[in-house]
Structure formats: structure tokens, C-alpha cells
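Asks: If it helps, the file is called coords_36.cif and holds mmCIF, N, CA and C atoms:
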```cif
data_entry
#
loop_
_atom_site.label_atom_id
_atom_site.label_comp_id
_atom_site.auth_asym_id
_atom_site.auth_seq_id
_atom_site.Cartn_x
_atom_site.Cartn_y
_atom_site.Cartn_z
N MET A 1 -39.96 -31.03 -27.42
CA MET A 1 -39.87 -29.59 -27.45
C MET A 1 -39.76 -29.08 -26.01
N GLU A 2 -38.85 -28.14 -25.81
CA GLU A 2 -38.58 -27.62 -24.47
C GLU A 2 -39.03 -26.16 -24.38
N ILE A 3 -39.75 -25.84 -23.32
CA ILE A 3 -40.18 -24.47 -23.10
C ILE A 3 -39.13 -23.78 -22.23
N ILE A 4 -38.54 -22.74 -22.77
CA ILE A 4 -37.46 -22.06 -22.06
C ILE A 4 -38.00 -20.99 -21.13
N ASN A 5 -38.88 -20.15 -21.60
CA ASN A 5 -39.37 -19.03 -20.80
C ASN A 5 -40.87 -19.18 -20.64
N GLN A 6 -41.28 -19.66 -19.51
CA GLN A 6 -42.70 -19.84 -19.25
C GLN A 6 -43.12 -18.87 -18.16
N ASN A 7 -43.86 -17.86 -18.54
CA ASN A 7 -44.33 -16.85 -17.59
C ASN A 7 -45.70 -17.26 -17.06
N VAL A 8 -45.71 -17.72 -15.83
CA VAL A 8 -46.94 -18.13 -15.20
C VAL A 8 -47.28 -17.09 -14.14
N ILE A 9 -48.43 -16.47 -14.29
CA ILE A 9 -48.88 -15.49 -13.31
C ILE A 9 -49.86 -16.17 -12.38
N ARG A 10 -49.52 -16.14 -11.09
CA ARG A 10 -50.37 -16.79 -10.11
C ARG A 10 -50.98 -15.76 -9.17
N LYS A 11 -52.09 -16.12 -8.58
CA LYS A 11 -52.75 -15.24 -7.62
C LYS A 11 -52.37 -15.72 -6.22
N ASP A 12 -51.72 -14.83 -5.45
CA ASP A 12 -51.24 -15.20 -4.12
C ASP A 12 -51.52 -14.04 -3.17
N ASN A 13 -52.73 -14.02 -2.61
CA ASN A 13 -53.12 -12.95 -1.70
C ASN A 13 -52.34 -13.00 -0.39
N THR A 14 -51.91 -14.18 0.00
CA THR A 14 -51.14 -14.31 1.23
C THR A 14 -49.79 -13.61 1.10
N LEU A 15 -49.13 -13.76 -0.03
CA LEU A 15 -47.86 -13.07 -0.25
C LEU A 15 -48.06 -11.56 -0.31
N LEU A 16 -49.15 -11.12 -0.90
CA LEU A 16 -49.44 -9.69 -0.95
C LEU A 16 -49.64 -9.14 0.47
N ALA A 17 -50.38 -9.87 1.29
CA ALA A 17 -50.59 -9.43 2.68
C ALA A 17 -49.28 -9.45 3.46
N PHE A 18 -48.46 -10.47 3.25
CA PHE A 18 -47.17 -10.54 3.93
C PHE A 18 -46.26 -9.39 3.51
N THR A 19 -46.33 -9.00 2.25
CA THR A 19 -45.52 -7.88 1.78
C THR A 19 -45.93 -6.59 2.49
N HIS A 20 -47.22 -6.40 2.67
CA HIS A 20 -47.67 -5.22 3.42
C HIS A 20 -47.22 -5.28 4.88
N LEU A 21 -47.35 -6.44 5.49
CA LEU A 21 -46.98 -6.58 6.90
C LEU A 21 -45.47 -6.51 7.13
N SER A 22 -44.69 -6.78 6.09
CA SER A 22 -43.23 -6.72 6.25
C SER A 22 -42.74 -5.29 6.48
N GLN A 23 -43.58 -4.31 6.22
CA GLN A 23 -43.23 -2.93 6.52
C GLN A 23 -43.10 -2.69 8.02
N LEU A 24 -43.72 -3.52 8.82
CA LEU A 24 -43.69 -3.37 10.27
C LEU A 24 -42.36 -3.80 10.88
N LEU A 25 -41.43 -4.27 10.05
CA LEU A 25 -40.11 -4.63 10.57
C LEU A 25 -39.39 -3.43 11.18
N HIS A 26 -39.76 -2.22 10.76
CA HIS A 26 -39.19 -1.02 11.38
C HIS A 26 -39.45 -1.01 12.88
N TYR A 27 -40.62 -1.45 13.27
CA TYR A 27 -41.01 -1.40 14.68
C TYR A 27 -40.43 -2.57 15.48
N VAL A 28 -40.08 -3.66 14.81
CA VAL A 28 -39.55 -4.83 15.50
C VAL A 28 -38.03 -4.80 15.57
N THR A 29 -37.38 -4.57 14.42
CA THR A 29 -35.92 -4.65 14.37
C THR A 29 -35.25 -3.30 14.20
N GLY A 30 -35.98 -2.28 13.80
CA GLY A 30 -35.39 -0.97 13.57
C GLY A 30 -35.00 -0.73 12.13
N PHE A 31 -34.95 -1.76 11.33
CA PHE A 31 -34.64 -1.62 9.91
C PHE A 31 -35.35 -2.75 9.15
N GLY A 32 -35.30 -2.70 7.85
CA GLY A 32 -35.90 -3.75 7.04
C GLY A 32 -37.29 -3.46 6.56
N GLY A 33 -37.93 -2.43 7.06
CA GLY A 33 -39.29 -2.10 6.65
C GLY A 33 -39.37 -1.54 5.25
N PHE A 34 -38.25 -1.16 4.69
CA PHE A 34 -38.20 -0.70 3.30
C PHE A 34 -37.53 -1.74 2.41
N ILE A 35 -36.50 -2.37 2.91
CA ILE A 35 -35.71 -3.30 2.10
C ILE A 35 -36.48 -4.59 1.79
N VAL A 36 -37.12 -5.17 2.77
CA VAL A 36 -37.82 -6.44 2.57
C VAL A 36 -38.99 -6.30 1.59
N PRO A 37 -39.89 -5.30 1.74
CA PRO A 37 -40.94 -5.17 0.73
C PRO A 37 -40.39 -4.86 -0.66
N LEU A 38 -39.31 -4.08 -0.73
CA LEU A 38 -38.69 -3.78 -2.02
C LEU A 38 -38.17 -5.05 -2.67
N ALA A 39 -37.50 -5.90 -1.91
CA ALA A 39 -36.97 -7.16 -2.45
C ALA A 39 -38.10 -8.09 -2.88
N LEU A 40 -39.16 -8.19 -2.07
CA LEU A 40 -40.30 -9.02 -2.44
C LEU A 40 -40.97 -8.51 -3.71
N TRP A 41 -41.12 -7.20 -3.81
CA TRP A 41 -41.75 -6.62 -4.99
C TRP A 41 -40.91 -6.86 -6.24
N LEU A 42 -39.60 -6.62 -6.15
CA LEU A 42 -38.74 -6.81 -7.31
C LEU A 42 -38.66 -8.27 -7.74
N ALA A 43 -38.71 -9.19 -6.79
CA ALA A 43 -38.58 -10.61 -7.11
C ALA A 43 -39.86 -11.20 -7.71
N THR A 44 -41.03 -10.67 -7.31
CA THR A 44 -42.28 -11.34 -7.71
C THR A 44 -43.24 -10.45 -8.47
N ARG A 45 -42.82 -9.29 -8.92
CA ARG A 45 -43.79 -8.39 -9.57
C ARG A 45 -44.31 -8.92 -10.89
N ARG A 46 -43.57 -9.79 -11.55
CA ARG A 46 -44.02 -10.33 -12.83
C ARG A 46 -44.69 -11.69 -12.71
N THR A 47 -44.60 -12.31 -11.54
CA THR A 47 -45.15 -13.66 -11.40
C THR A 47 -46.38 -13.72 -10.50
N VAL A 48 -46.63 -12.69 -9.71
CA VAL A 48 -47.80 -12.67 -8.82
C VAL A 48 -48.75 -11.58 -9.29
N GLU A 49 -49.99 -11.96 -9.46
CA GLU A 49 -51.00 -11.00 -9.91
C GLU A 49 -51.25 -9.94 -8.84
N GLY A 50 -51.14 -8.68 -9.22
CA GLY A 50 -51.38 -7.58 -8.32
C GLY A 50 -50.16 -7.12 -7.54
N MET A 51 -49.04 -7.84 -7.64
CA MET A 51 -47.86 -7.47 -6.86
C MET A 51 -47.28 -6.15 -7.32
N ASP A 52 -47.35 -5.85 -8.60
CA ASP A 52 -46.78 -4.59 -9.09
C ASP A 52 -47.54 -3.40 -8.49
N GLU A 53 -48.86 -3.49 -8.47
CA GLU A 53 -49.67 -2.42 -7.90
C GLU A 53 -49.43 -2.26 -6.39
N HIS A 54 -49.43 -3.37 -5.68
CA HIS A 54 -49.23 -3.34 -4.23
C HIS A 54 -47.81 -2.92 -3.88
N GLY A 55 -46.83 -3.42 -4.63
CA GLY A 55 -45.44 -3.06 -4.36
C GLY A 55 -45.17 -1.59 -4.57
N LYS A 56 -45.71 -1.03 -5.64
CA LYS A 56 -45.53 0.41 -5.89
C LYS A 56 -46.19 1.23 -4.78
N ALA A 57 -47.35 0.80 -4.32
CA ALA A 57 -48.03 1.52 -3.24
C ALA A 57 -47.20 1.47 -1.95
N ILE A 58 -46.59 0.32 -1.68
CA ILE A 58 -45.77 0.18 -0.47
C ILE A 58 -44.53 1.06 -0.55
N ILE A 59 -43.85 1.04 -1.67
CA ILE A 59 -42.63 1.84 -1.82
C ILE A 59 -42.97 3.32 -1.78
N ASN A 60 -44.08 3.72 -2.41
CA ASN A 60 -44.50 5.12 -2.34
C ASN A 60 -44.79 5.54 -0.90
N LEU A 61 -45.44 4.67 -0.13
CA LEU A 61 -45.72 4.99 1.27
C LEU A 61 -44.43 5.15 2.05
N GLN A 62 -43.50 4.22 1.90
CA GLN A 62 -42.26 4.28 2.66
C GLN A 62 -41.44 5.53 2.31
N LEU A 63 -41.38 5.88 1.04
CA LEU A 63 -40.66 7.09 0.64
C LEU A 63 -41.36 8.34 1.15
N SER A 64 -42.69 8.34 1.13
CA SER A 64 -43.44 9.49 1.64
C SER A 64 -43.24 9.65 3.15
N LEU A 65 -43.28 8.55 3.88
CA LEU A 65 -43.06 8.62 5.32
C LEU A 65 -41.65 9.11 5.65
N LEU A 66 -40.68 8.69 4.85
CA LEU A 66 -39.31 9.17 5.05
C LEU A 66 -39.22 10.67 4.81
N LEU A 67 -39.89 11.13 3.77
CA LEU A 67 -39.90 12.57 3.48
C LEU A 67 -40.59 13.35 4.60
N TYR A 68 -41.73 12.84 5.09
CA TYR A 68 -42.43 13.52 6.18
C TYR A 68 -41.58 13.52 7.45
N LEU A 69 -40.83 12.46 7.67
CA LEU A 69 -39.95 12.39 8.83
C LEU A 69 -38.83 13.42 8.73
N ILE A 70 -38.25 13.54 7.55
CA ILE A 70 -37.18 14.52 7.34
C ILE A 70 -37.70 15.94 7.51
N ILE A 71 -38.93 16.20 7.09
CA ILE A 71 -39.52 17.53 7.24
C ILE A 71 -39.89 17.80 8.70
N SER A 72 -40.32 16.77 9.42
CA SER A 72 -40.79 16.96 10.81
C SER A 72 -39.65 17.25 11.78
N ILE A 73 -38.47 16.71 11.53
CA ILE A 73 -37.37 16.90 12.49
C ILE A 73 -36.98 18.37 12.61
N PRO A 74 -36.72 19.10 11.52
CA PRO A 74 -36.42 20.53 11.71
C PRO A 74 -37.63 21.33 12.18
N ALA A 75 -38.83 20.84 11.89
CA ALA A 75 -40.03 21.56 12.32
C ALA A 75 -40.19 21.54 13.83
N ILE A 76 -39.53 20.62 14.52
CA ILE A 76 -39.55 20.61 15.98
C ILE A 76 -38.88 21.88 16.50
N LEU A 77 -37.75 22.22 15.92
CA LEU A 77 -37.00 23.39 16.38
C LEU A 77 -37.65 24.70 15.94
N VAL A 78 -38.22 24.70 14.77
CA VAL A 78 -38.77 25.93 14.22
C VAL A 78 -40.15 26.23 14.78
N PHE A 79 -41.04 25.29 14.71
CA PHE A 79 -42.43 25.56 15.10
C PHE A 79 -42.87 24.77 16.32
N GLY A 80 -42.19 23.70 16.65
CA GLY A 80 -42.64 22.84 17.72
C GLY A 80 -43.74 21.90 17.28
N LEU A 81 -44.22 22.07 16.04
CA LEU A 81 -45.28 21.20 15.53
C LEU A 81 -44.71 19.93 14.92
N GLY A 82 -43.41 19.84 14.87
CA GLY A 82 -42.79 18.65 14.32
C GLY A 82 -43.07 17.41 15.15
N LEU A 83 -43.34 17.60 16.44
CA LEU A 83 -43.70 16.46 17.28
C LEU A 83 -45.00 15.81 16.81
N LEU A 84 -45.95 16.64 16.40
CA LEU A 84 -47.20 16.10 15.84
C LEU A 84 -46.92 15.36 14.54
N GLY A 85 -46.03 15.90 13.75
CA GLY A 85 -45.65 15.24 12.51
C GLY A 85 -44.99 13.90 12.75
N LEU A 86 -44.10 13.83 13.74
CA LEU A 86 -43.44 12.57 14.07
C LEU A 86 -44.44 11.54 14.59
N MET A 87 -45.38 11.99 15.41
CA MET A 87 -46.41 11.06 15.90
C MET A 87 -47.29 10.59 14.75
N GLY A 88 -47.63 11.50 13.85
CA GLY A 88 -48.45 11.12 12.69
C GLY A 88 -47.74 10.11 11.80
N VAL A 89 -46.45 10.31 11.57
CA VAL A 89 -45.68 9.36 10.77
C VAL A 89 -45.64 8.00 11.45
N GLY A 90 -45.46 7.99 12.76
CA GLY A 90 -45.43 6.72 13.49
C GLY A 90 -46.76 5.99 13.44
N ILE A 91 -47.84 6.72 13.59
CA ILE A 91 -49.17 6.10 13.57
C ILE A 91 -49.52 5.61 12.17
N LEU A 92 -49.30 6.45 11.16
CA LEU A 92 -49.60 6.04 9.79
C LEU A 92 -48.75 4.86 9.35
N GLY A 93 -47.48 4.87 9.75
CA GLY A 93 -46.59 3.78 9.38
C GLY A 93 -46.95 2.47 10.04
N PHE A 94 -47.71 2.51 11.12
CA PHE A 94 -48.12 1.29 11.81
C PHE A 94 -49.51 0.83 11.37
N VAL A 95 -50.44 1.75 11.21
CA VAL A 95 -51.84 1.39 10.94
C VAL A 95 -52.07 1.05 9.46
N LEU A 96 -51.54 1.85 8.55
CA LEU A 96 -51.82 1.65 7.13
C LEU A 96 -51.35 0.29 6.59
N PRO A 97 -50.17 -0.22 6.96
CA PRO A 97 -49.81 -1.55 6.48
C PRO A 97 -50.75 -2.65 6.96
N ILE A 98 -51.25 -2.53 8.19
CA ILE A 98 -52.17 -3.55 8.70
C ILE A 98 -53.49 -3.50 7.96
N VAL A 99 -54.02 -2.30 7.76
CA VAL A 99 -55.29 -2.16 7.03
C VAL A 99 -55.15 -2.69 5.61
N ASN A 100 -54.07 -2.34 4.94
CA ASN A 100 -53.91 -2.78 3.56
C ASN A 100 -53.51 -4.25 3.45
N ALA A 101 -52.95 -4.84 4.48
CA ALA A 101 -52.71 -6.28 4.47
C ALA A 101 -54.04 -7.03 4.49
N VAL A 102 -54.98 -6.54 5.27
CA VAL A 102 -56.32 -7.15 5.29
C VAL A 102 -56.99 -6.98 3.93
N LYS A 103 -56.85 -5.79 3.34
CA LYS A 103 -57.42 -5.58 2.01
C LYS A 103 -56.78 -6.50 0.98
N ALA A 104 -55.47 -6.68 1.05
CA ALA A 104 -54.77 -7.55 0.10
C ALA A 104 -55.20 -9.00 0.28
N ALA A 105 -55.40 -9.43 1.52
CA ALA A 105 -55.85 -10.80 1.77
C ALA A 105 -57.25 -11.03 1.21
N ASN A 106 -58.05 -9.97 1.15
CA ASN A 106 -59.40 -10.08 0.58
C ASN A 106 -59.44 -9.83 -0.91
N GLY A 107 -58.29 -9.55 -1.53
CA GLY A 107 -58.22 -9.35 -2.97
C GLY A 107 -58.56 -7.94 -3.41
N GLU A 108 -58.51 -6.98 -2.50
CA GLU A 108 -58.82 -5.58 -2.84
C GLU A 108 -57.55 -4.80 -3.13
N SER A 109 -57.71 -3.66 -3.78
CA SER A 109 -56.57 -2.79 -4.08
C SER A 109 -56.16 -2.01 -2.83
N PRO A 110 -54.86 -1.68 -2.73
CA PRO A 110 -54.41 -0.94 -1.56
C PRO A 110 -54.79 0.54 -1.65
N ILE A 111 -55.04 1.13 -0.49
CA ILE A 111 -55.33 2.56 -0.42
C ILE A 111 -54.42 3.17 0.63
N TYR A 112 -53.41 3.88 0.17
CA TYR A 112 -52.51 4.59 1.06
C TYR A 112 -52.73 6.07 0.84
N PHE A 113 -53.42 6.73 1.77
CA PHE A 113 -53.64 8.16 1.61
C PHE A 113 -52.43 8.91 2.14
N LEU A 114 -52.32 10.16 1.79
CA LEU A 114 -51.21 11.03 2.15
C LEU A 114 -49.87 10.54 1.58
N THR A 115 -49.89 9.79 0.49
CA THR A 115 -48.64 9.37 -0.11
C THR A 115 -48.39 10.15 -1.38
N ILE A 116 -47.13 10.34 -1.67
CA ILE A 116 -46.70 10.98 -2.91
C ILE A 116 -46.36 9.87 -3.88
N ARG A 117 -46.86 9.97 -5.10
CA ARG A 117 -46.64 8.92 -6.09
C ARG A 117 -45.28 9.11 -6.75
N PHE A 118 -44.27 8.44 -6.20
CA PHE A 118 -42.94 8.48 -6.78
C PHE A 118 -42.81 7.51 -7.94
N LEU A 119 -43.43 6.33 -7.83
CA LEU A 119 -43.35 5.30 -8.87
C LEU A 119 -44.65 5.21 -9.61
#
```
Go through the file and emit its structure as C-alpha cells.
Replies:
Amino acid sequence: MEIINQNVIRKDNTLLAFTHLSQLLHYVTGFGGFIVPLALWLATRRTVEGMDEHGKAIINLQLSLLLYLIISIPAILVFGLGLLGLMGVGILGFVLPIVNAVKAANGESPIYFLTIRFL
């Protein structure tokens, strides 16, 4: 007898932490901080325990940061406060993935504050 579809769900905290840290590719290469976590999430969301929750949190963060960036650019010309918004986006985009990578490595749920739940 042959098993055709065997769904094995494994626990891989290292992959979850790597998925969070892959968001930092924006700071290293200038791109890939959205594409790489999206590809990892889509490829492993059904086979890695917790990947669906972590992947949705990552995509929601990246989309929220993009929205805040788009809002901050015209706010520079209008209010001058857009510079604070740009600095906030840069800091949040750097610190939150590192904090949540440590949480993922310890088996905890991700906490991304100031994100809009798109997914």
C-alpha cells in the first residue's frame, strides 16, 4: 500500500526565527524583506507548526510599514512631521523582527504592535 498524501506537521523554531530575520534583507540588500518571508510562509505554512500565525504577522507588519511609509512621505511637505514617521518606520522595521525572532526561537507567539491586520 502506498501513501500518496502524507501531511506531516513538524515543529521548527529555527525556521520561524529565520523567517522573522529575513525581513532585515531590506537593510542589507535594499529589497527582499517582503518577498523572502512571503515565499517561506507560502511554502511551509502547512508543514511547519506555527508558520501560518508567524507568516501572517510578518506580512501584516510589512504591509503596515509600507502604508506608514507612503503616508509619511507627503507628511514631510505638509507638516514636517513625516521625518519622525520615516524614522519610526525604520526603527520599527529593524527592532520588531529581531525581538520576534527571539520569541519564535523560544516557541512564543509573535507580537507586532502598530500593525494593521490585513490577513
Asks: Can you list every residue of stretch 4-68 of chain A that has an atom at most 7 Å from stretch 79-93 of chain A, with its nearest atom pair and the distance in Å to one decimal, using all atoms listed in the file, ordered by chain then number, as CSV?
Replies:
```
residue,atom,partner,partner_atom,distance
A:Gln23,C,A:Gly93,C,6.7
A:Leu24,CA,A:Gly93,C,6.7
A:Leu65,CA,A:Val89,CA,6.1
A:Tyr68,C,A:Gly85,C,6.3
```
Asks: Out of A:Leu119, A:Leu77, A:Ile70, A:Ile9, which residue has the shortest atom-to-atom distance to A:Val48 when counting all atoms listed in the file?
Replies: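 When distances to A:Val48 are compared using all atoms listed in the file, the smallest one comes from A:Ile9.
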Asks: One number please: atom CA of A:Thr115 to atom CA of A:Pro37, in Å, one decimal.
Replies: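 These atoms are spaced 16.5 Å apart.
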Asks: In Å, with one decimal, what is the gap from atom N of A:Leu38 to atom N of A:Ala17?
Replies: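 About the pair atom N of A:Leu38 and atom N of A:Ala17: they are 12.7 Å apart.
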Asks: Please report the interatomic distance between atom C of A:Phe18 and atom N of A:Arg117 in Å with one decimal.
Replies: 21.2 Å
Asks: Using only N, CA and C atoms, which of A:Phe94, A:Ser72, A:Glu49, A:Thr19 sits nearest A:Val36?
Replies: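 Residue with the minimum atom-to-atom distance to A:Val36: A:Thr19.
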Asks: Which of stretch 13-98 of chain A counts as helix (DSSP H, G or I) under DSSP, as a VMD selection string please?
Replies: chain A and resid 13 to 28 35 to 44 51 to 78 82 to 98
Asks: Do you know which residues the PyMOL selection byres ((chain A and resi 116) around 8) returns on this file, as a ChimeraX atom specification?
Replies: /A:59-65,112-115,117-119
Asks: Return the single residue from A:Val95, A:Met51, A:Leu69, A:Ile76 that is closest to A:Leu16, with distances computed using all atoms listed in the file.
Replies: A:Met51
Asks: What does the PyMOL selection byres (((chain A and resi 99-108 and name CA) around 9) and name CA) select in this file, as number ranges by chain?
Replies: A: 12-21, 50, 54, 95-98, 109-112
Asks: Could you expand the PyMOL selection byres (((chain A and resi 46 and name CA) around 12) and name CA) into the explicit residues it covers here, written as a ChimeraX atom specification?
Replies: /A:6-11,40-45,47-53,55
Asks: Using all atoms of stretch 42-47 of chain A that appear in the file, construct an axis-aligned enclosing box with 4 Å of padding on every side and provide its centre coordinates and edge lengths in Å, rounded to one decimal, as JSON.
Replies:
```
{"center_x": -42.5, "center_y": -10.2, "center_z": -9.5, "size_x": 15.8, "size_y": 15.1, "size_z": 14.7}
```
